[in-house]
Amino acid sequence: MGFFNPSPQEFAKRVVKKFKSKRNDTAVFFIGINEDTRDFSPIPLNRIRNEFHEEIMEYVSSKEPSINILLSETIPISQEEGIIVLVLQK
């Protein structure tokens with residue numbers, strides 16, 4: 001599944017690490033799209049329920065108070081798979 005990790009805490013750690021390595025104050029992440037090939041690498045929807053998003057936001061707000069998650073949403077691309085859109089701001 002590439003960048004995605006089914007553990008909300010581990011996934012949040014990866015996203016925060018990637019975001020900190022960028023110079024921008026705001027970043028949009030499309031998780032489930034292969035950056036190199038521009039192909040979809042969708043994530044099973046049963047792994048990215050509302051609880052998953054809530055745990056990501058809780059983890060980031062408690063561990064990284066200087067980073068705000070402006071958006072954390074799932075966009076279905078089929079009945080069973082989707083992508084995650086995350087917008088983070090310093």
# chains A, B, ... in the order shown; residues from 1 in each chain; ligands from 1
>>> residues_around(residues="stretch 13-25 of chain A", least_positions_apart="6", cutoff="12 Å", atoms="only C-alpha atoms", output="PDB file with N, CA and C atoms, in the first residue's frame")
ATOM      1  N   GLY A   2       2.137   1.118  -0.179  1.00  0.00           N
ATOM      2  CA  GLY A   2       2.984   2.282  -0.297  1.00  0.00           C
ATOM      3  C   GLY A   2       3.071   3.094   0.992  1.00  0.00           C
ATOM      4  N   PHE A   3       2.760   4.369   0.916  1.00  0.00           N
ATOM      5  CA  PHE A   3       2.874   5.306   2.022  1.00  0.00           C
ATOM      6  C   PHE A   3       1.865   5.033   3.134  1.00  0.00           C
ATOM      7  N   PHE A   4       0.733   4.469   2.786  1.00  0.00           N
ATOM      8  CA  PHE A   4      -0.338   4.219   3.748  1.00  0.00           C
ATOM      9  C   PHE A   4       0.073   3.149   4.763  1.00  0.00           C
ATOM     10  N   ASN A   5      -0.376   3.354   6.001  1.00  0.00           N
ATOM     11  CA  ASN A   5      -0.181   2.368   7.050  1.00  0.00           C
ATOM     12  C   ASN A   5      -1.508   2.243   7.782  1.00  0.00           C
ATOM     13  N   PRO A   6      -2.027   1.034   8.011  1.00  0.00           N
ATOM     14  CA  PRO A   6      -3.335   0.884   8.657  1.00  0.00           C
ATOM     15  C   PRO A   6      -3.373   1.329  10.116  1.00  0.00           C
ATOM     16  N   SER A   7      -2.228   1.538  10.742  1.00  0.00           N
ATOM     17  CA  SER A   7      -2.177   2.071  12.101  1.00  0.00           C
ATOM     18  C   SER A   7      -2.249   3.595  12.019  1.00  0.00           C
ATOM     19  N   ILE A  31      -3.228  10.449  -0.544  1.00  0.00           N
ATOM     20  CA  ILE A  31      -2.728   9.119  -0.220  1.00  0.00           C
ATOM     21  C   ILE A  31      -3.572   8.093  -0.966  1.00  0.00           C
ATOM     22  N   GLU A  55      -8.428   9.430  14.897  1.00  0.00           N
ATOM     23  CA  GLU A  55      -7.202   9.054  15.595  1.00  0.00           C
ATOM     24  C   GLU A  55      -5.979   9.771  15.020  1.00  0.00           C
ATOM     25  N   ILE A  56      -5.956   9.990  13.721  1.00  0.00           N
ATOM     26  CA  ILE A  56      -4.864  10.751  13.101  1.00  0.00           C
ATOM     27  C   ILE A  56      -4.847  12.166  13.671  1.00  0.00           C
ATOM     28  N   MET A  57      -6.003  12.800  13.702  1.00  0.00           N
ATOM     29  CA  MET A  57      -6.075  14.179  14.190  1.00  0.00           C
ATOM     30  C   MET A  57      -5.722  14.272  15.668  1.00  0.00           C
ATOM     31  N   TYR A  59      -3.744  12.228  17.335  1.00  0.00           N
ATOM     32  CA  TYR A  59      -2.313  11.973  17.473  1.00  0.00           C
ATOM     33  C   TYR A  59      -1.511  13.224  17.107  1.00  0.00           C
ATOM     34  N   VAL A  60      -1.822  13.820  15.971  1.00  0.00           N
ATOM     35  CA  VAL A  60      -1.067  14.992  15.528  1.00  0.00           C
ATOM     36  C   VAL A  60      -1.243  16.154  16.501  1.00  0.00           C
ATOM     37  N   SER A  61      -2.467  16.394  16.961  1.00  0.00           N
ATOM     38  CA  SER A  61      -2.682  17.522  17.875  1.00  0.00           C
ATOM     39  C   SER A  61      -1.978  17.315  19.213  1.00  0.00           C
ATOM     40  N   SER A  62      -1.846  16.072  19.654  1.00  0.00           N
ATOM     41  CA  SER A  62      -1.172  15.826  20.934  1.00  0.00           C
ATOM     42  C   SER A  62       0.350  15.783  20.803  1.00  0.00           C
ATOM     43  N   LYS A  63       0.860  15.273  19.686  1.00  0.00           N
ATOM     44  CA  LYS A  63       2.312  15.118  19.521  1.00  0.00           C
ATOM     45  C   LYS A  63       2.964  16.280  18.773  1.00  0.00           C
ATOM     46  N   GLU A  64       2.204  16.937  17.926  1.00  0.00           N
ATOM     47  CA  GLU A  64       2.733  18.017  17.085  1.00  0.00           C
ATOM     48  C   GLU A  64       1.801  19.225  17.130  1.00  0.00           C
ATOM     49  N   PRO A  65       1.755  19.961  18.249  1.00  0.00           N
ATOM     50  CA  PRO A  65       0.812  21.076  18.370  1.00  0.00           C
ATOM     51  C   PRO A  65       1.058  22.214  17.376  1.00  0.00           C
ATOM     52  N   SER A  66       2.237  22.268  16.765  1.00  0.00           N
ATOM     53  CA  SER A  66       2.516  23.316  15.784  1.00  0.00           C
ATOM     54  C   SER A  66       1.946  22.997  14.401  1.00  0.00           C
ATOM     55  N   ILE A  67       1.403  21.805  14.241  1.00  0.00           N
ATOM     56  CA  ILE A  67       0.829  21.390  12.956  1.00  0.00           C
ATOM     57  C   ILE A  67      -0.677  21.233  13.117  1.00  0.00           C
ATOM     58  N   ASN A  68      -1.412  21.847  12.194  1.00  0.00           N
ATOM     59  CA  ASN A  68      -2.872  21.725  12.177  1.00  0.00           C
ATOM     60  C   ASN A  68      -3.299  20.881  10.985  1.00  0.00           C
ATOM     61  N   ILE A  69      -4.224  19.986  11.219  1.00  0.00           N
ATOM     62  CA  ILE A  69      -4.829  19.245  10.113  1.00  0.00           C
ATOM     63  C   ILE A  69      -6.092  20.000   9.730  1.00  0.00           C
ATOM     64  N   SER A  72      -9.088  16.105   6.634  1.00  0.00           N
ATOM     65  CA  SER A  72      -8.757  14.683   6.595  1.00  0.00           C
ATOM     66  C   SER A  72     -10.020  13.966   6.122  1.00  0.00           C
ATOM     67  N   ILE A  84      -7.157   9.017   0.453  1.00  0.00           N
ATOM     68  CA  ILE A  84      -7.245   9.930   1.582  1.00  0.00           C
ATOM     69  C   ILE A  84      -6.684  11.284   1.130  1.00  0.00           C
ATOM     70  N   VAL A  85      -7.385  12.338   1.464  1.00  0.00           N
ATOM     71  CA  VAL A  85      -6.905  13.688   1.218  1.00  0.00           C
ATOM     72  C   VAL A  85      -6.632  14.324   2.570  1.00  0.00           C
ATOM     73  N   LEU A  86      -5.394  14.752   2.781  1.00  0.00           N
ATOM     74  CA  LEU A  86      -4.981  15.427   4.016  1.00  0.00           C
ATOM     75  C   LEU A  86      -4.417  16.789   3.672  1.00  0.00           C
ATOM     76  N   VAL A  87      -4.860  17.805   4.412  1.00  0.00           N
ATOM     77  CA  VAL A  87      -4.297  19.150   4.262  1.00  0.00           C
ATOM     78  C   VAL A  87      -3.712  19.534   5.602  1.00  0.00           C
ATOM     79  N   LEU A  88      -2.413  19.781   5.631  1.00  0.00           N
ATOM     80  CA  LEU A  88      -1.722  20.151   6.869  1.00  0.00           C
ATOM     81  C   LEU A  88      -1.148  21.556   6.739  1.00  0.00           C
ATOM     82  N   GLN A  89      -1.103  22.236   7.887  1.00  0.00           N
ATOM     83  CA  GLN A  89      -0.591  23.599   7.936  1.00  0.00           C
ATOM     84  C   GLN A  89       0.278  23.785   9.170  1.00  0.00           C
ATOM     85  N   LYS A  90       1.391  24.496   9.001  1.00  0.00           N
ATOM     86  CA  LYS A  90       2.281  24.804  10.129  1.00  0.00           C
ATOM     87  C   LYS A  90       1.786  26.047  10.826  1.00  0.00           C
TER      88      LYS A  90
END
>>> select_by_dssp(residues="chain A", states="helix (DSSP H, G or I)", output="JSON, numbers by chain")
{"A": [8, 9, 10, 11, 12, 13, 14, 15, 16, 17, 18, 19, 20, 45, 46, 47, 50, 51, 52, 53, 54, 55, 56, 57, 58, 59, 60, 61, 62, 63]}
>>> closest_residue(among="A:Leu45, A:Arg38, A:Gly82, A:His53", to="A:Phe11", atoms="only C-alpha atoms")
A:His53
>>> residues_around(residues="A:Ser78", least_positions_apart="2", cutoff="12 Å", atoms="only C-alpha atoms", output="count of residues only")
12
>>> decode(residues="stretch 41-66 of chain A", atoms="C-alpha atoms", output="short mmCIF file (atom, residue, chain, number, x, y, z; two decimals), in the first residue's frame")
data_model
loop_
_atom_site.label_atom_id
_atom_site.label_comp_id
_atom_site.auth_asym_id
_atom_site.auth_seq_id
_atom_site.Cartn_x
_atom_site.Cartn_y
_atom_site.Cartn_z
CA SER A 41 -3.03 2.81 -5.60
CA PRO A 42 -6.34 2.81 -3.73
CA ILE A 43 -6.82 1.88 -0.11
CA PRO A 44 -9.58 -0.48 1.04
CA LEU A 45 -12.38 1.66 2.48
CA ASN A 46 -12.78 -0.62 5.47
CA ARG A 47 -9.31 0.53 6.63
CA ILE A 48 -10.05 4.26 6.48
CA ARG A 49 -13.25 4.75 8.44
CA ASN A 50 -14.10 7.89 10.43
CA GLU A 51 -12.32 6.51 13.49
CA PHE A 52 -9.10 6.33 11.49
CA HIS A 53 -9.31 10.05 10.65
CA GLU A 54 -10.18 10.96 14.24
CA GLU A 55 -7.20 9.05 15.60
CA ILE A 56 -4.86 10.75 13.10
CA MET A 57 -6.08 14.18 14.19
CA GLU A 58 -5.83 13.30 17.88
CA TYR A 59 -2.31 11.97 17.47
CA VAL A 60 -1.07 14.99 15.53
CA SER A 61 -2.68 17.52 17.88
CA SER A 62 -1.17 15.83 20.93
CA LYS A 63 2.31 15.12 19.52
CA GLU A 64 2.73 18.02 17.08
CA PRO A 65 0.81 21.08 18.37
CA SER A 66 2.52 23.32 15.78
#
